[in-house]
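Colleague: Structure file query33.tsv (TSV, C-alpha atoms and all ligand atoms) right here:
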```tsv
chain	number	residue	atom	x	y	z
A	1	MET	CA	55.49	20.29	-17.00
A	2	ASN	CA	52.60	22.14	-18.59
A	3	LYS	CA	53.09	23.13	-22.21
A	4	THR	CA	49.81	25.02	-22.37
A	5	LYS	CA	51.36	27.73	-20.20
A	6	ARG	CA	53.51	28.96	-23.08
A	7	PRO	CA	52.89	29.63	-26.75
A	8	ALA	CA	54.27	27.22	-29.33
A	9	VAL	CA	56.20	29.24	-31.90
A	10	ILE	CA	57.49	28.02	-35.24
A	11	ALA	CA	59.85	30.55	-36.81
A	12	GLY	CA	61.53	30.38	-40.17
A	13	ASN	CA	65.03	31.78	-40.49
A	14	TRP	CA	65.53	32.40	-44.16
A	15	LYS	CA	69.17	33.44	-43.63
A	16	MET	CA	70.61	35.06	-46.81
A	17	ASN	CA	68.06	33.55	-49.17
A	18	LYS	CA	65.19	34.79	-51.36
A	19	ASN	CA	65.04	38.02	-53.30
A	20	ARG	CA	61.84	40.04	-53.21
A	21	ALA	CA	60.08	38.16	-55.99
A	22	GLU	CA	61.04	34.81	-54.47
A	23	ALA	CA	59.90	35.98	-51.04
A	24	ALA	CA	56.52	36.93	-52.46
A	25	THR	CA	56.16	33.56	-54.16
A	26	LEU	CA	57.07	31.65	-51.01
A	27	ILE	CA	54.74	33.64	-48.75
A	28	THR	CA	51.87	33.46	-51.22
A	29	GLU	CA	52.25	29.69	-51.34
A	30	LEU	CA	52.64	29.40	-47.57
A	31	LEU	CA	49.75	31.54	-46.31
A	32	PRO	CA	46.88	29.21	-47.25
A	33	LEU	CA	48.79	26.27	-45.80
A	34	VAL	CA	49.20	27.87	-42.36
A	35	LYS	CA	45.96	29.84	-42.07
A	36	ASP	CA	44.59	27.50	-39.41
A	37	ALA	CA	47.88	27.14	-37.55
A	38	GLY	CA	47.59	25.99	-33.95
A	39	CYS	CA	50.79	27.82	-33.06
A	40	GLU	CA	52.39	31.19	-33.65
A	41	VAL	CA	54.09	31.43	-37.05
A	42	VAL	CA	56.99	33.82	-37.63
A	43	LEU	CA	59.05	34.43	-40.75
A	44	CYS	CA	62.48	35.98	-40.20
A	45	THR	CA	63.63	37.31	-43.53
A	46	PRO	CA	66.54	39.28	-44.97
A	47	TYR	CA	66.16	43.03	-44.41
A	48	THR	CA	65.46	43.54	-48.12
A	49	ASP	CA	62.42	41.24	-47.93
A	50	LEU	CA	60.86	42.76	-44.83
A	51	GLU	CA	58.57	45.26	-46.52
A	52	THR	CA	57.30	42.72	-49.02
A	53	SER	CA	56.79	40.16	-46.26
A	54	LEU	CA	54.97	42.62	-44.02
A	55	ALA	CA	52.68	43.70	-46.84
A	56	LEU	CA	51.79	40.15	-47.84
A	57	THR	CA	51.14	38.93	-44.28
A	58	GLU	CA	49.12	41.94	-43.13
A	59	GLY	CA	45.87	40.80	-41.57
A	60	THR	CA	47.01	37.16	-41.41
A	61	GLY	CA	48.27	35.57	-38.21
A	62	VAL	CA	51.79	35.31	-39.58
A	63	LYS	CA	54.36	37.59	-37.92
A	64	ILE	CA	57.52	38.96	-39.48
A	65	GLY	CA	60.96	39.10	-37.94
A	66	ALA	CA	64.45	40.27	-38.86
A	67	GLU	CA	67.61	38.21	-38.49
A	68	ASN	CA	69.68	40.69	-36.50
A	69	CYS	CA	69.68	44.26	-35.19
A	70	HIS	CA	72.32	46.67	-33.95
A	71	TRP	CA	72.53	47.79	-30.33
A	72	ALA	CA	72.70	51.54	-30.95
A	73	GLU	CA	69.63	53.65	-31.70
A	74	SER	CA	71.42	55.36	-34.59
A	75	GLY	CA	74.88	56.54	-35.52
A	76	ALA	CA	78.03	55.80	-37.46
A	77	PHE	CA	77.61	52.03	-37.89
A	78	THR	CA	77.90	51.47	-41.61
A	79	GLY	CA	75.89	48.52	-42.81
A	80	GLU	CA	73.90	48.04	-39.61
A	81	ILE	CA	70.15	48.33	-38.91
A	82	SER	CA	68.72	49.49	-35.59
A	83	ALA	CA	65.96	47.79	-33.64
A	84	GLU	CA	63.92	50.98	-33.85
A	85	MET	CA	64.18	50.98	-37.66
A	86	LEU	CA	62.72	47.46	-37.63
A	87	ARG	CA	59.93	48.38	-35.25
A	88	GLU	CA	59.01	51.36	-37.38
A	89	LEU	CA	58.63	49.08	-40.41
A	90	GLY	CA	56.20	46.92	-38.47
A	91	VAL	CA	58.57	44.07	-37.69
A	92	GLN	CA	57.71	42.28	-34.44
A	93	TYR	CA	60.51	39.76	-33.94
A	94	VAL	CA	64.28	39.73	-34.30
A	95	ILE	CA	66.74	36.85	-34.07
A	96	ILE	CA	69.62	37.64	-31.73
A	97	GLY	CA	72.93	35.84	-31.42
A	98	HIS	CA	72.51	33.23	-34.14
A	99	SER	CA	75.55	30.95	-34.23
A	100	GLU	CA	76.36	32.05	-37.79
A	101	ARG	CA	76.69	35.60	-36.48
A	102	ARG	CA	78.85	34.38	-33.61
A	103	GLN	CA	80.94	32.24	-35.98
A	104	TYR	CA	81.39	34.53	-38.99
A	105	PHE	CA	80.76	38.06	-37.76
A	106	GLY	CA	82.54	38.24	-34.44
A	107	GLU	CA	79.38	38.22	-32.34
A	108	THR	CA	80.18	37.66	-28.66
A	109	ASP	CA	78.06	37.11	-25.56
A	110	GLU	CA	78.58	40.81	-24.84
A	111	THR	CA	77.34	42.04	-28.22
A	112	VAL	CA	74.48	39.52	-28.10
A	113	ALA	CA	73.39	40.99	-24.75
A	114	LYS	CA	73.57	44.52	-26.15
A	115	ARG	CA	71.54	43.61	-29.23
A	116	LEU	CA	68.90	41.88	-27.11
A	117	ARG	CA	68.72	44.94	-24.86
A	118	ALA	CA	68.20	47.18	-27.91
A	119	ALA	CA	65.50	44.89	-29.30
A	120	LEU	CA	63.61	44.90	-25.99
A	121	ASN	CA	63.98	48.67	-25.62
A	122	ALA	CA	62.47	49.11	-29.08
A	123	GLY	CA	59.50	46.94	-28.14
A	124	LEU	CA	60.51	43.99	-30.29
A	125	LYS	CA	60.41	40.31	-29.35
A	126	GLY	CA	63.81	38.64	-29.36
A	127	ILE	CA	64.58	35.09	-30.43
A	128	LEU	CA	67.78	34.48	-28.48
A	129	CYS	CA	69.93	31.70	-29.95
A	130	VAL	CA	72.31	29.62	-27.88
A	131	GLY	CA	74.15	26.42	-28.65
A	132	GLU	CA	77.36	24.50	-28.29
A	133	THR	CA	79.87	23.48	-30.96
A	134	LEU	CA	80.67	19.83	-31.63
A	135	GLU	CA	84.02	20.29	-29.90
A	136	GLN	CA	82.29	21.63	-26.79
A	137	ARG	CA	79.76	18.78	-26.77
A	138	GLU	CA	82.51	16.21	-27.09
A	139	ALA	CA	84.42	17.88	-24.26
A	140	GLY	CA	81.35	17.43	-22.06
A	141	ILE	CA	80.84	21.16	-21.47
A	142	THR	CA	77.52	21.68	-23.28
A	143	GLU	CA	75.65	22.78	-20.17
A	144	GLU	CA	78.42	25.13	-19.05
A	145	VAL	CA	78.52	26.79	-22.49
A	146	ILE	CA	74.74	27.15	-22.64
A	147	ALA	CA	74.57	28.51	-19.09
A	148	ILE	CA	77.15	31.20	-19.85
A	149	GLN	CA	75.42	32.19	-23.10
A	150	VAL	CA	72.00	32.39	-21.43
A	151	LYS	CA	73.16	34.18	-18.30
A	152	LYS	CA	75.22	36.77	-20.17
A	153	ALA	CA	72.47	37.52	-22.68
A	154	LEU	CA	69.78	37.80	-20.01
A	155	ALA	CA	71.80	39.83	-17.51
A	156	GLY	CA	69.63	42.86	-16.86
A	157	VAL	CA	66.54	41.41	-18.57
A	158	THR	CA	63.62	41.59	-16.13
A	159	ALA	CA	61.01	38.87	-15.69
A	160	GLU	CA	58.51	41.19	-17.37
A	161	GLU	CA	60.80	41.72	-20.33
A	162	LEU	CA	61.40	37.99	-20.60
A	163	ARG	CA	57.78	37.71	-21.81
A	164	ARG	CA	59.16	39.13	-25.06
A	165	VAL	CA	62.06	36.69	-25.29
A	166	ILE	CA	62.00	33.27	-26.91
A	167	LEU	CA	65.03	31.09	-26.38
A	168	ALA	CA	66.23	28.88	-29.21
A	169	TYR	CA	68.58	26.01	-28.52
A	170	GLU	CA	70.55	25.48	-31.71
A	171	PRO	CA	73.48	23.08	-31.44
A	172	VAL	CA	76.01	24.41	-33.93
A	173	TRP	CA	76.82	20.91	-35.19
A	174	ALA	CA	73.18	20.36	-36.17
A	175	ILE	CA	72.72	23.53	-38.21
A	176	GLY	CA	72.53	23.03	-41.95
A	177	THR	CA	74.22	19.66	-41.60
A	178	GLY	CA	71.24	17.36	-41.79
A	179	ARG	CA	72.51	15.98	-38.49
A	180	THR	CA	69.64	16.71	-36.11
A	181	ALA	CA	70.07	16.39	-32.39
A	182	THR	CA	68.16	13.36	-31.20
A	183	GLU	CA	64.86	14.05	-29.47
A	184	GLU	CA	66.54	13.15	-26.18
A	185	GLN	CA	69.60	15.37	-26.74
A	186	ALA	CA	67.47	18.35	-27.73
A	187	GLY	CA	64.91	17.74	-24.99
A	188	GLU	CA	67.63	17.45	-22.40
A	189	VAL	CA	69.29	20.78	-23.23
A	190	ASN	CA	65.93	22.55	-23.53
A	191	GLY	CA	65.08	21.15	-20.08
A	192	PHE	CA	68.41	22.39	-18.78
A	193	ILE	CA	67.65	25.88	-20.11
A	194	ARG	CA	64.25	25.84	-18.42
A	195	GLY	CA	65.89	24.80	-15.15
A	196	LEU	CA	68.32	27.65	-15.51
A	197	LEU	CA	65.47	30.11	-16.12
A	198	ALA	CA	63.75	28.76	-13.01
A	199	ARG	CA	66.89	29.48	-10.97
A	200	LEU	CA	67.22	32.97	-12.46
A	201	TYR	CA	63.56	34.03	-12.53
A	202	GLY	CA	61.55	31.45	-10.60
A	203	GLU	CA	59.50	28.45	-11.62
A	204	ALA	CA	56.46	30.34	-12.93
A	205	VAL	CA	58.50	32.49	-15.31
A	206	ALA	CA	60.41	29.45	-16.57
A	207	GLU	CA	57.14	27.63	-17.22
A	208	ARG	CA	55.70	30.46	-19.29
A	209	THR	CA	58.82	30.91	-21.48
A	210	THR	CA	58.91	29.44	-24.98
A	211	ILE	CA	62.07	27.46	-25.73
A	212	GLN	CA	62.57	26.37	-29.32
A	213	TYR	CA	64.88	23.82	-30.86
A	214	GLY	CA	66.69	24.55	-34.13
A	215	GLY	CA	69.08	22.57	-36.27
A	216	SER	CA	68.02	20.48	-39.26
A	217	MET	CA	64.41	20.38	-38.06
A	218	ASN	CA	62.28	19.22	-40.95
A	219	ALA	CA	58.85	17.93	-41.91
A	220	LYS	CA	59.82	14.39	-40.90
A	221	ASN	CA	61.51	14.88	-37.53
A	222	ALA	CA	59.49	17.86	-36.24
A	223	ALA	CA	56.69	15.94	-34.52
A	224	GLY	CA	59.09	13.82	-32.48
A	225	LEU	CA	61.16	16.80	-31.40
A	226	LEU	CA	58.08	18.88	-30.58
A	227	ALA	CA	56.68	16.05	-28.45
A	228	GLN	CA	59.51	16.58	-25.98
A	229	PRO	CA	58.13	18.29	-22.86
A	230	ASP	CA	60.55	21.22	-23.03
A	231	ILE	CA	60.58	21.83	-26.79
A	232	ASP	CA	57.97	24.50	-27.49
A	233	GLY	CA	58.64	25.21	-31.11
A	234	GLY	CA	61.31	25.40	-33.73
A	235	LEU	CA	63.65	27.78	-35.47
A	236	ILE	CA	63.82	26.44	-38.99
A	237	GLY	CA	66.48	27.19	-41.57
A	238	GLY	CA	66.54	25.13	-44.77
A	239	ALA	CA	63.04	23.68	-44.41
A	240	SER	CA	61.55	27.17	-44.04
A	241	LEU	CA	62.44	27.91	-47.65
A	242	LYS	CA	59.89	25.40	-48.96
A	243	ALA	CA	56.25	26.17	-48.21
A	244	PRO	CA	55.00	22.56	-47.89
A	245	ASP	CA	57.88	21.57	-45.59
A	246	PHE	CA	57.50	24.60	-43.37
A	247	ALA	CA	53.72	24.14	-43.27
A	248	ALA	CA	54.18	20.52	-42.19
A	249	ILE	CA	56.33	21.66	-39.27
A	250	VAL	CA	53.71	24.27	-38.34
A	251	ALA	CA	51.06	21.54	-38.43
A	252	ALA	CA	53.21	19.32	-36.17
A	253	ALA	CA	53.36	22.13	-33.60
A	254	GLY	CA	49.60	22.65	-33.48
A	255	ARG	CA	48.12	21.76	-30.15
B	1	LIG	P1	68.75	24.45	-40.55
B	1	LIG	O1	67.31	24.18	-40.23
B	1	LIG	O2	69.01	24.74	-41.99
B	1	LIG	O3	69.66	23.42	-39.96
B	1	LIG	O4	69.10	25.82	-39.80
B	1	LIG	C1	68.77	25.96	-38.48
B	1	LIG	C2	69.00	27.37	-38.09
B	1	LIG	O5	70.12	27.84	-38.05
B	1	LIG	C3	67.84	28.20	-37.79
B	1	LIG	O6	68.21	29.40	-37.21
```
Let me see whether you can do it: turn the structure in this file into structure tokens.
Modeller:
Amino acid sequence: MNKTKRPAVIAGNWKMNKNRAEAATLITELLPLVKDAGCEVVLCTPYTDLETSLALTEGTGVKIGAENCHWAESGAFTGEISAEMLRELGVQYVIIGHSERRQYFGETDETVAKRLRAALNAGLKGILCVGETLEQREAGITEEVIAIQVKKALAGVTAEELRRVILAYEPVWAIGTGRTATEEQAGEVNGFIRGLLARLYGEAVAERTTIQYGGSMNAKNAAGLLAQPDIDGGLIGGASLKAPDFAAIVAAAGR
């Protein structure tokens, strides 16, 4: 297991938080705290904050991402935003298949695959979220659920394209609940995902792919989680809304 083969990436997922003024305040406070980051830092913000975020982070190492994109290039899809629209703004990353989208907005493995395809076609980097519910974990089918989610989303994604995909293991029961997966639980599923990637793409590709953990990761538990051999970063919800907390997680990921 050689972590140096893949970039460590800490990404904030602001979800539906922060208006433009609040976004500017948070980023202005955050930038000096992460200027010497030893990992890649990404902020995934609401669509309405993207321009502000891009302007404020220009010339810094911090990258900006969106939280979703549609699969079509354009058309009659009221309320949706295309991957190409994001790319044209200067956005580099997009979260795909977050469990809140699957849970509340009818996202399926099929639509997740289509959105990831669109993101890759537009030249974006995708942060592909997978994770089991509490019910599925208790039924002992975590690995089966994860395998289906990963395989369906990556069907048709080439090894070359996978360079622009980060996987994020986010157990649904750990999101926003304060109930983090233990280091062992998270490490185990991340290891399972890497094994799956090795079967699908070969060992070398699996070794170079960044696999994050997300779900109540915070300034206190980040170092332990990130010390796991297969956890290469984090997708951070609540703690990404406070500059000192997010900066502490970034510091914990520095190598
Ligand atoms: P929390 O860090 O608030 O649990 O959210 C995790 C998450 O959903 C990141 O995408």
Colleague: Excluding range 92-94 of chain A and its own-chain neighbours fewer than 3 positions away, which residues fall within 6 Å of it when counting all atoms listed in the file? Please give them as a list in words.
Modeller: Gly65, Ala66, Glu67, Asn68, Leu124, Lys125 and Gly126 of chain A
Colleague: Considering all atoms listed in the file, tabulate each residue of chain A that lies at most 7 Å from ligand LIG 1 (chain B) along with its nearest interatomic pair and the corresponding distance in Å to one decimal; arrange the rows by chain and ascending residue number and present them as a Markdown table.
Modeller:
```
| residue | atom | partner | partner_atom | distance |
| --- | --- | --- | --- | --- |
| A:Asn13 | CA | B:LIG1 | O6 | 5.2 |
| A:His98 | CA | B:LIG1 | O6 | 6.5 |
| A:Glu170 | CA | B:LIG1 | O5 | 6.8 |
| A:Ala174 | CA | B:LIG1 | O3 | 6.0 |
| A:Ile175 | CA | B:LIG1 | O3 | 3.5 |
| A:Gly176 | CA | B:LIG1 | O3 | 3.5 |
| A:Thr177 | CA | B:LIG1 | O3 | 6.1 |
| A:Gly178 | CA | B:LIG1 | O3 | 6.5 |
| A:Gly214 | CA | B:LIG1 | C1 | 5.0 |
| A:Gly215 | CA | B:LIG1 | O3 | 3.8 |
| A:Ser216 | CA | B:LIG1 | O3 | 3.4 |
| A:Met217 | CA | B:LIG1 | O1 | 5.2 |
| A:Leu235 | CA | B:LIG1 | C3 | 4.8 |
| A:Ile236 | CA | B:LIG1 | O1 | 4.3 |
| A:Gly237 | CA | B:LIG1 | O1 | 3.4 |
| A:Gly238 | CA | B:LIG1 | O2 | 3.7 |
| A:Ala239 | CA | B:LIG1 | O1 | 6.0 |
```
Colleague: For a quick check of understanding, using only C-alpha atoms, which of A:Glu188, A:Glu22, A:Asp232, A:Asp245 has the smallest distance to Pro46 in chain A?
Modeller: A:Glu22
Colleague: Taking (76.9, 45.7, -25.9) in the file's own coordinates, collect the residues within 12 Å, counting all atoms listed in the file, and hand them back as a list in words.
Modeller: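 Every polymer residue passing the test: Cys69, His70, Trp71, Ala72, Gly97, Glu107, Thr108, Asp109, Glu110, Thr111, Val112, Ala113, Lys114, Arg115, Leu116, Arg117, Ala118, Ala119, Lys152, Ala153, Ala155 and Gly156 of chain A.
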Colleague: Could you check the closest approach to Ile148 in chain A for each of A:Ile193, A:Leu54, A:Ala11, A:Ile96 and tell me which residue wins, using all atoms listed in the file?
Modeller: A:Ile193
Colleague: Mind dumping a table of every range 118-190 of chain A residue within 6 Å of range 222-231 of chain A, with the nearest atom pair and its distance in Å to one decimal, using all atoms listed in the file, sorted by chain and rising number, as CSV?
Modeller:
```
residue,atom,partner,partner_atom,distance
A:Glu183,CA,A:Leu225,CA,5.0
A:Gly187,CA,A:Gln228,CA,5.6
A:Asn190,CA,A:Asp230,CA,5.6
```
Colleague: Measuring between all atoms listed in the file, which one of A:Ile127, A:Arg101, A:Glu143, A:Gly90 shows the shortest distance to Thr210 in chain A?
Modeller: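 Result for the nearest residue to Thr210 in chain A: A:Ile127.
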